[in-house]
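Asker: Just target-v6.cif, nothing more (mmCIF, C-alpha atoms):
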```cif
data_coords
#
loop_
_atom_site.label_atom_id
_atom_site.label_comp_id
_atom_site.auth_asym_id
_atom_site.auth_seq_id
_atom_site.Cartn_x
_atom_site.Cartn_y
_atom_site.Cartn_z
CA MET A 1 38.63 9.70 15.79
CA LYS A 2 36.75 7.94 18.57
CA LYS A 3 33.44 8.53 16.78
CA ILE A 4 34.90 7.12 13.57
CA ALA A 5 36.14 4.03 15.41
CA THR A 6 32.68 3.55 16.98
CA LEU A 7 30.98 3.86 13.60
CA GLN A 8 33.43 1.37 12.08
CA LEU A 9 32.72 -1.07 14.93
CA VAL A 10 28.96 -0.77 14.37
CA PHE A 11 29.35 -1.30 10.63
CA THR A 12 31.62 -4.30 11.24
CA LEU A 13 29.07 -5.89 13.57
CA LEU A 14 26.25 -5.31 11.09
CA GLY A 15 28.38 -6.71 8.27
CA GLY A 16 29.20 -9.73 10.41
CA LEU A 17 25.48 -10.38 10.94
CA VAL A 18 24.91 -10.31 7.18
CA LEU A 19 27.78 -12.75 6.61
CA LEU A 20 26.42 -15.01 9.35
CA PHE A 21 23.00 -14.90 7.70
CA ILE A 22 24.58 -16.14 4.44
CA ILE A 23 27.00 -18.65 5.92
CA ALA A 24 24.89 -20.25 8.67
CA PRO A 25 22.32 -22.07 6.46
CA LEU A 26 25.05 -23.30 4.10
CA ALA A 27 27.23 -24.42 6.99
CA GLY A 28 24.30 -26.31 8.48
CA LEU A 29 23.69 -28.00 5.14
CA PHE A 30 27.31 -29.11 4.79
CA LEU A 31 27.71 -30.19 8.42
CA SER A 32 24.59 -32.37 8.13
CA THR A 33 25.99 -34.21 5.10
CA THR A 34 28.83 -36.72 5.34
CA PRO A 35 31.53 -37.12 2.66
CA HIS A 36 30.30 -40.70 2.19
CA GLN A 37 26.83 -39.44 1.26
CA ILE A 38 28.30 -36.93 -1.19
CA PHE A 39 30.47 -39.55 -2.92
CA ASN A 40 27.57 -41.98 -3.16
CA THR A 41 25.36 -39.26 -4.63
CA ALA A 42 28.07 -38.28 -7.12
CA GLY A 43 28.05 -41.87 -8.38
CA GLU A 44 24.34 -41.88 -9.20
CA GLU A 45 23.68 -41.64 -12.93
CA GLU A 46 20.49 -39.63 -12.42
CA VAL A 47 22.41 -36.99 -10.46
CA THR A 48 25.38 -36.70 -12.84
CA THR A 49 23.05 -36.57 -15.84
CA SER A 50 21.05 -33.74 -14.27
CA ILE A 51 24.20 -31.78 -13.42
CA TRP A 52 25.57 -32.11 -16.96
CA LEU A 53 22.19 -31.08 -18.37
CA THR A 54 22.08 -28.05 -16.06
CA VAL A 55 25.57 -26.88 -17.02
CA ILE A 56 25.16 -27.47 -20.76
CA THR A 57 21.76 -25.77 -21.06
CA SER A 58 22.90 -22.77 -19.02
CA VAL A 59 26.07 -22.39 -21.10
CA SER A 60 24.10 -22.78 -24.34
CA GLY A 61 21.48 -20.20 -23.35
CA THR A 62 24.15 -17.75 -22.22
CA ILE A 63 26.23 -18.00 -25.40
CA LEU A 64 23.26 -17.97 -27.77
CA PHE A 65 21.52 -14.94 -26.29
CA ALA A 66 24.78 -13.05 -25.71
CA PHE A 67 25.04 -12.41 -29.47
CA ALA A 68 21.94 -10.19 -29.25
CA ALA A 69 22.22 -9.00 -25.63
CA ILE A 70 25.65 -7.38 -26.01
CA PRO A 71 24.68 -5.21 -29.03
CA LEU A 72 21.50 -4.20 -27.18
CA ALA A 73 23.61 -3.18 -24.19
CA TRP A 74 25.78 -1.02 -26.46
CA ILE A 75 22.69 0.73 -27.85
CA LEU A 76 21.40 1.40 -24.33
CA ALA A 77 24.77 2.83 -23.30
CA ARG A 78 25.43 4.98 -26.37
CA LYS A 79 22.13 5.99 -27.95
CA GLN A 80 19.15 8.08 -26.92
CA PHE A 81 15.77 7.07 -28.32
CA PRO A 82 12.08 7.43 -27.43
CA MET A 83 10.88 5.33 -24.47
CA LYS A 84 14.41 4.32 -23.52
CA LYS A 85 13.45 4.19 -19.83
CA LEU A 86 10.56 1.89 -20.70
CA VAL A 87 12.92 -0.44 -22.57
CA THR A 88 15.27 -0.47 -19.58
CA GLY A 89 12.35 -1.34 -17.32
CA VAL A 90 11.23 -4.15 -19.61
CA ILE A 91 14.73 -5.65 -19.54
CA ASP A 92 14.60 -5.84 -15.73
CA LEU A 93 11.14 -7.47 -15.69
CA PRO A 94 12.39 -11.10 -15.62
CA VAL A 95 14.16 -10.32 -12.34
CA VAL A 96 11.06 -8.75 -10.79
CA ILE A 97 8.20 -11.07 -11.76
CA PRO A 98 7.67 -14.43 -10.00
CA HIS A 99 9.57 -17.04 -11.93
CA SER A 100 6.63 -19.43 -11.95
CA ALA A 101 4.74 -16.68 -13.78
CA ALA A 102 7.71 -16.30 -16.13
CA GLY A 103 7.50 -20.03 -16.85
CA ILE A 104 3.80 -19.80 -17.65
CA ALA A 105 4.44 -16.86 -19.97
CA LEU A 106 7.25 -18.78 -21.69
CA LEU A 107 5.06 -21.86 -22.01
CA GLY A 108 2.66 -19.88 -24.18
CA PHE A 109 5.64 -18.57 -26.17
CA VAL A 110 7.23 -21.97 -26.94
CA SER A 111 4.18 -24.26 -27.03
CA ARG A 112 3.26 -26.07 -30.22
CA ASP A 113 0.50 -23.56 -30.97
CA SER A 114 2.87 -20.56 -30.91
CA LEU A 115 4.83 -19.28 -33.90
CA LEU A 116 8.11 -20.44 -32.36
CA GLY A 117 6.61 -23.80 -31.47
CA GLN A 118 5.28 -24.28 -34.99
CA ALA A 119 8.66 -23.36 -36.45
CA GLY A 120 10.29 -25.89 -34.14
CA SER A 121 7.77 -28.57 -35.09
CA MET A 122 8.74 -28.13 -38.74
CA VAL A 123 12.22 -29.42 -37.89
CA GLY A 124 10.99 -31.97 -35.37
CA LEU A 125 11.72 -29.88 -32.26
CA ASN A 126 9.27 -29.52 -29.38
CA PHE A 127 10.59 -26.97 -26.88
CA VAL A 128 8.35 -28.19 -24.05
CA GLY A 129 10.10 -31.01 -22.20
CA HIS A 130 13.28 -30.47 -24.22
CA PRO A 131 16.74 -29.10 -23.30
CA ALA A 132 16.20 -26.26 -25.80
CA GLY A 133 13.16 -25.14 -23.82
CA ILE A 134 15.16 -25.35 -20.60
CA ALA A 135 17.90 -23.15 -22.11
CA ILE A 136 15.30 -20.57 -23.15
CA ALA A 137 13.79 -20.53 -19.64
CA MET A 138 17.23 -20.12 -18.06
CA ALA A 139 18.17 -17.33 -20.45
CA PHE A 140 14.89 -15.49 -19.90
CA VAL A 141 15.36 -15.09 -16.15
CA SER A 142 19.11 -14.41 -16.30
CA ILE A 143 19.66 -12.20 -19.35
CA PRO A 144 19.13 -8.90 -17.44
CA TYR A 145 22.38 -9.57 -15.55
CA LEU A 146 24.35 -9.65 -18.79
CA ILE A 147 22.62 -6.67 -20.40
CA ASN A 148 23.00 -4.44 -17.35
CA ALA A 149 26.65 -5.39 -16.77
CA ALA A 150 27.57 -4.90 -20.44
CA ARG A 151 25.70 -1.58 -20.59
CA ASP A 152 27.67 -0.29 -17.61
CA GLY A 153 30.87 -1.46 -19.26
CA PHE A 154 30.12 0.31 -22.54
CA ALA A 155 29.05 3.45 -20.66
CA GLY A 156 32.45 3.52 -18.97
CA VAL A 157 34.38 3.58 -22.27
CA PRO A 158 35.42 7.19 -23.11
CA GLU A 159 33.61 8.28 -26.25
CA ARG A 160 36.55 10.52 -27.18
CA LEU A 161 38.61 7.41 -27.94
CA GLU A 162 35.95 6.13 -30.31
CA LYS A 163 35.55 9.52 -31.99
CA ALA A 164 39.30 9.84 -32.40
CA ALA A 165 39.47 6.46 -34.11
CA LEU A 166 36.57 7.37 -36.39
CA THR A 167 38.30 10.64 -37.26
CA LEU A 168 41.43 8.71 -38.24
CA GLY A 169 39.39 6.65 -40.69
CA ALA A 170 38.47 3.54 -38.75
CA SER A 171 35.09 2.03 -39.55
CA PRO A 172 32.40 1.86 -36.82
CA ALA A 173 32.75 -1.93 -36.73
CA ARG A 174 36.51 -1.72 -36.29
CA VAL A 175 36.13 0.86 -33.53
CA PHE A 176 33.67 -1.41 -31.73
CA PHE A 177 35.77 -4.57 -31.94
CA THR A 178 39.20 -3.00 -31.33
CA ILE A 179 38.39 -0.23 -28.83
CA THR A 180 34.91 -0.39 -27.30
CA LEU A 181 34.60 -4.14 -26.78
CA PRO A 182 38.10 -4.68 -25.30
CA LEU A 183 37.67 -1.78 -22.85
CA ALA A 184 34.23 -3.01 -21.76
CA TRP A 185 35.25 -6.66 -21.74
CA ARG A 186 35.68 -6.96 -17.98
CA ASN A 187 32.06 -5.98 -17.34
CA ILE A 188 30.84 -8.18 -20.17
CA VAL A 189 32.66 -11.22 -18.81
CA SER A 190 31.25 -10.52 -15.36
CA GLY A 191 27.77 -10.33 -16.87
CA LEU A 192 28.28 -13.58 -18.78
CA ILE A 193 29.38 -15.36 -15.60
CA MET A 194 26.43 -14.00 -13.64
CA MET A 195 23.99 -14.96 -16.40
CA PHE A 196 25.43 -18.48 -16.54
CA ALA A 197 25.35 -18.86 -12.75
CA ARG A 198 21.81 -17.52 -12.46
CA GLY A 199 20.65 -19.82 -15.23
CA MET A 200 22.08 -22.86 -13.48
CA SER A 201 20.14 -22.08 -10.31
CA GLU A 202 16.78 -21.47 -11.99
CA PHE A 203 13.86 -23.59 -10.85
CA GLY A 204 10.49 -21.87 -11.18
CA ALA A 205 10.51 -21.11 -14.90
CA VAL A 206 12.26 -24.36 -15.82
CA ILE A 207 9.86 -26.68 -14.02
CA VAL A 208 6.91 -25.22 -15.95
CA ILE A 209 8.66 -25.74 -19.29
CA ALA A 210 10.26 -29.11 -18.55
CA TYR A 211 9.85 -31.26 -15.45
CA HIS A 212 11.64 -33.91 -17.49
CA PRO A 213 14.48 -34.07 -18.37
CA MET A 214 15.38 -32.92 -14.87
CA VAL A 215 17.92 -30.21 -14.25
CA THR A 216 19.52 -30.40 -10.80
CA PRO A 217 17.31 -27.79 -9.04
CA VAL A 218 14.24 -29.76 -10.17
CA LEU A 219 15.85 -33.04 -9.09
CA ILE A 220 16.53 -31.61 -5.62
CA TYR A 221 12.90 -30.53 -5.35
CA GLU A 222 11.67 -33.91 -6.60
CA ARG A 223 13.77 -35.83 -4.07
CA PHE A 224 12.73 -33.54 -1.25
CA GLY A 225 9.05 -33.98 -2.11
CA ALA A 226 9.25 -37.73 -2.59
CA PHE A 227 11.79 -38.84 0.03
CA GLY A 228 12.39 -35.90 2.36
CA LEU A 229 15.31 -33.76 3.44
CA LYS A 230 17.69 -36.66 4.05
CA TYR A 231 17.73 -37.65 0.36
CA ALA A 232 17.62 -34.14 -1.06
CA ARG A 233 20.45 -32.73 1.05
CA PRO A 234 23.40 -34.65 -0.55
CA VAL A 235 22.31 -33.61 -4.04
CA ALA A 236 22.05 -29.99 -2.91
CA VAL A 237 25.53 -30.09 -1.34
CA LEU A 238 27.08 -31.69 -4.43
CA PHE A 239 25.44 -29.15 -6.73
CA ILE A 240 26.59 -26.24 -4.56
CA LEU A 241 30.16 -27.56 -4.60
CA ILE A 242 30.18 -27.95 -8.39
CA SER A 243 28.56 -24.55 -8.91
CA LEU A 244 31.09 -22.93 -6.59
CA ALA A 245 34.00 -24.64 -8.37
CA LEU A 246 32.73 -23.50 -11.78
CA PHE A 247 32.14 -19.97 -10.53
CA ILE A 248 35.65 -19.70 -9.05
CA PHE A 249 37.18 -21.19 -12.21
CA LEU A 250 35.40 -18.73 -14.50
CA ARG A 251 36.25 -15.80 -12.24
CA SER A 252 39.91 -16.80 -12.15
CA LEU A 253 39.99 -17.11 -15.95
CA SER A 254 38.54 -13.64 -16.42
CA LYS A 255 40.93 -12.19 -13.85
CA GLU A 256 43.91 -13.86 -15.51
CA LYS A 257 42.85 -12.53 -18.91
CA GLU A 258 42.52 -9.04 -17.46
CA GLU A 259 46.00 -9.21 -15.89
CA ASN A 260 47.52 -10.40 -19.19
CA ARG A 261 46.05 -7.38 -20.98
CA GLN A 262 47.48 -5.02 -18.42
#
```
Represent the structure from my file as structure tokens, please.
Answerer:
Amino acid sequence: MKKIATLQLVFTLLGGLVLLFIIAPLAGLFLSTTPHQIFNTAGEEEVTTSIWLTVITSVSGTILFAFAAIPLAWILARKQFPMKKLVTGVIDLPVVIPHSAAGIALLGFVSRDSLLGQAGSMVGLNFVGHPAGIAIAMAFVSIPYLINAARDGFAGVPERLEKAALTLGASPARVFFTITLPLAWRNIVSGLIMMFARGMSEFGAVIVIAYHPMVTPVLIYERFGAFGLKYARPVAVLFILISLALFIFLRSLSKEKEENRQ
């Protein structure tokens, strides 16, 4: 018992160091910023516009790409096919590669000379320097979080339930929407929240696609480069507070929905 208590003490101390590592920089940021500075920053049109743009583009990218990402996650969880491991590795690539490199790759994908860029030009849409391009950049770097979470959720659904429903005459679509999707929903919602949150924080890929209009991470960088830490800090604090509030709100909604189902 004494050895167990010693091990628990060591683990607690190590865990405390990790928590301190996370909390200390954020605490320093907040303690160095007065409420007056935060309120003044919140009243600036440039700041509020950038925050709204960040939220809207991240939500749009998450919802749009979820329609394809969730079915792909189901295939990865349920089906075996050649080079499946390669496909899984490709899905994780946006997390691994430098995001400035991801932005350069995307720039070639959405520029006016590309097929997508030419298709956009036909309807008067230029993805470079446009919110649509920002949403694509955000989705590119964050979509692995949704796919991986949804895949784990689908993998955790007992196949015997699906087979039983099919045996009783239910169509594959009905089985998916009434059995598989509801049982995997908790993981899917978690993946959606993580994809949205990761998209909001993206900087490297976005700045290559669109320096203007400015999302908040780019605005923070621009103010830091032009005016220094003093002017960048209040924007960073305000954005962290809003991001935290949104994250807690979305988590509470998903938890409430889960409790209602139980």
Asker: List the residues sitting within 8 Å of (28.1, -14.9, -21.0) in the file's frame, using only C-alpha atoms, as a list of chain:residue names.
Answerer: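 Residues close enough to count: A:Val59, A:Thr62, A:Ile63, A:Ala66, A:Leu146, A:Ile188, A:Val189, A:Ser190, A:Gly191, A:Leu192, A:Ile193, A:Met194, A:Met195, A:Phe196.
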Asker: I'd like the neighbourhood of Ile56 in chain A as a list in words, where a residue qualifies if any of its atoms comes within 12 Å (using all atoms listed in the file), though same-chain residues fewer than 6 positions away should be ignored.
Answerer: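 Here the qualifying residues turn out to be Thr49, Ser50, Thr62, Ile63, Leu64, Pro131, Ala132, Ile134, Ala135, Met138, Phe196, Ala197, Gly199, Met200, Val215 and Thr216 of chain A.
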Asker: I want to know what sits within 10 Å of Ile38 in chain A, based on all atoms listed in the file, with residues of the same chain fewer than 6 positions away left out; could you give that as a PyMOL selection string?
Answerer: chain A and resi 30+233-239
Asker: Take the residues from that selection and put them in a file with C-alpha atoms, as a compact mmCIF listing (two decimals), keeping the file's coordinate frame.
Answerer:
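Final file, result_35.txt:
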```txt
# COMPACT_ATOMS: atom_id res chain seq x y z
CA PHE A 30 27.31 -29.11 4.79
CA ARG A 233 20.45 -32.73 1.05
CA PRO A 234 23.40 -34.65 -0.55
CA VAL A 235 22.31 -33.61 -4.04
CA ALA A 236 22.05 -29.99 -2.91
CA VAL A 237 25.53 -30.09 -1.34
CA LEU A 238 27.08 -31.69 -4.43
CA PHE A 239 25.44 -29.15 -6.73
```
Asker: Can you check which parts of range 134-159 of chain A lie within 10 Å of range 97-101 of chain A? Per residue, the shortest pair of atoms and distance in Å to one decimal, counting all atoms listed in the file, sorted by chain and number, as a tab-separated table.
Answerer:
```
residue	atom	partner	partner_atom	distance
A:Ala137	CA	A:His99	CA	9.5
A:Phe140	CA	A:His99	CA	9.7
A:Val141	CA	A:His99	CA	7.4
```
Asker: List the neighbours of Asn148 in chain A out to 9 Å using all atoms listed in the file; skip same-chain residues closer than 2 positions along the sequence, and give me the result as a list in words.
Answerer: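 Counting all atoms listed in the file, the residues come to Ala73, Thr88, Ile91, Asp92, Ile143, Pro144, Tyr145, Leu146, Ala150, Arg151, Asp152, Gly153 and Gly191 of chain A.
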Asker: Which residue out of A:Ile51, A:Ile179, A:Ile104, A:Leu93 has the minimum interatomic distance to Ser243 in chain A when only C-alpha atoms are used?
Answerer: A:Ile51
Asker: Hey, can you check how far CA of Glu162 in chain A sits from CA of Pro182 in chain A?
Answerer: 12.1 Å
Asker: Could you check which of A:Ile240, A:Ile209, A:Leu9, A:Leu29 is closest to Phe109 in chain A, using only C-alpha atoms?
Answerer: A:Ile209
Asker: Once the PyMOL selection byres ((chain A and resi 76) around 10) has been applied to the shown file, what residues remain in the selection, as a CSV table (one decimal) with C-alpha atoms, in the coordinates of the input?
Answerer:
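Done, and the output landed in part_12.csv:
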```
chain,number,residue,atom,x,y,z
A,70,ILE,CA,25.6,-7.4,-26.0
A,71,PRO,CA,24.7,-5.2,-29.0
A,72,LEU,CA,21.5,-4.2,-27.2
A,73,ALA,CA,23.6,-3.2,-24.2
A,74,TRP,CA,25.8,-1.0,-26.5
A,75,ILE,CA,22.7,0.7,-27.8
A,77,ALA,CA,24.8,2.8,-23.3
A,78,ARG,CA,25.4,5.0,-26.4
A,79,LYS,CA,22.1,6.0,-28.0
A,80,GLN,CA,19.2,8.1,-26.9
A,81,PHE,CA,15.8,7.1,-28.3
A,84,LYS,CA,14.4,4.3,-23.5
A,85,LYS,CA,13.4,4.2,-19.8
A,87,VAL,CA,12.9,-0.4,-22.6
A,88,THR,CA,15.3,-0.5,-19.6
A,147,ILE,CA,22.6,-6.7,-20.4
A,148,ASN,CA,23.0,-4.4,-17.4
A,150,ALA,CA,27.6,-4.9,-20.4
A,151,ARG,CA,25.7,-1.6,-20.6
A,152,ASP,CA,27.7,-0.3,-17.6
A,154,PHE,CA,30.1,0.3,-22.5
A,155,ALA,CA,29.0,3.4,-20.7
```
Asker: How many Å lie between CA of Phe39 in chain A and CA of His212 in chain A, rounded to one decimal?
Answerer: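 Between CA of Phe39 in chain A and CA of His212 in chain A the gap is 24.5 Å.
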Asker: What is the distance between CA of Pro25 in chain A and CA of Ile220 in chain A, in Å to one decimal?
Answerer: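 If I compute the distance from CA of Pro25 in chain A to CA of Ile220 in chain A, I get 16.4 Å.
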Asker: I'd like the contact shell of Thr180 in chain A - 9 Å cut-off, all atoms listed in the file, skipping same-chain residues fewer than 2 positions apart - returned as a ChimeraX atom specification.
Answerer: /A:154,157-159,161-162,175-178,182-185
Asker: With distances taken over only C-alpha atoms, which residue among A:Ala232, A:Ala69, A:Ala170, A:Val206 lies nearest Ala149 in chain A?
Answerer: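 Looking at the shortest contact to Ala149 in chain A, the residue is A:Ala69.
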Asker: Quick one: of A:Ser114, A:Met214, A:Gly133, A:Ala205, who's nearest to Thr48 in chain A, counting only C-alpha atoms?
Answerer: A:Met214
Asker: Which residue gives the smallest distance to Pro94 in chain A among A:Gly204, A:Gly61, A:Pro35, A:Pro217, with all atoms listed in the file counted?
Answerer: A:Gly204
Asker: Go through A:Ile207, A:Glu222, A:Phe21, A:Gly120 one by one, measure the shortest atom-to-atom distance of each to Ala102 in chain A using all atoms listed in the file, and give the residue with the smallest value.
Answerer: A:Ile207
Asker: Could you tell me, as number ranges by chain, exactly which residues end up selected when the PyMOL selection byres ((chain A and resi 128) around 7) is applied to this structure?
Answerer: A: 110-111, 126-127, 129-130, 133, 209-210
Asker: Report as lines of an AutoDock Vina configuration file the centre and the edge lengths, in Å to one decimal, of the axis-aligned box holding every listed atom of range 170-173 of chain A, padded by 3 Å on each side.
Answerer:
```
center_x = 35.4
center_y = 0.8
center_z = -38.1
size_x = 12.1
size_y = 11.5
size_z = 8.8
```
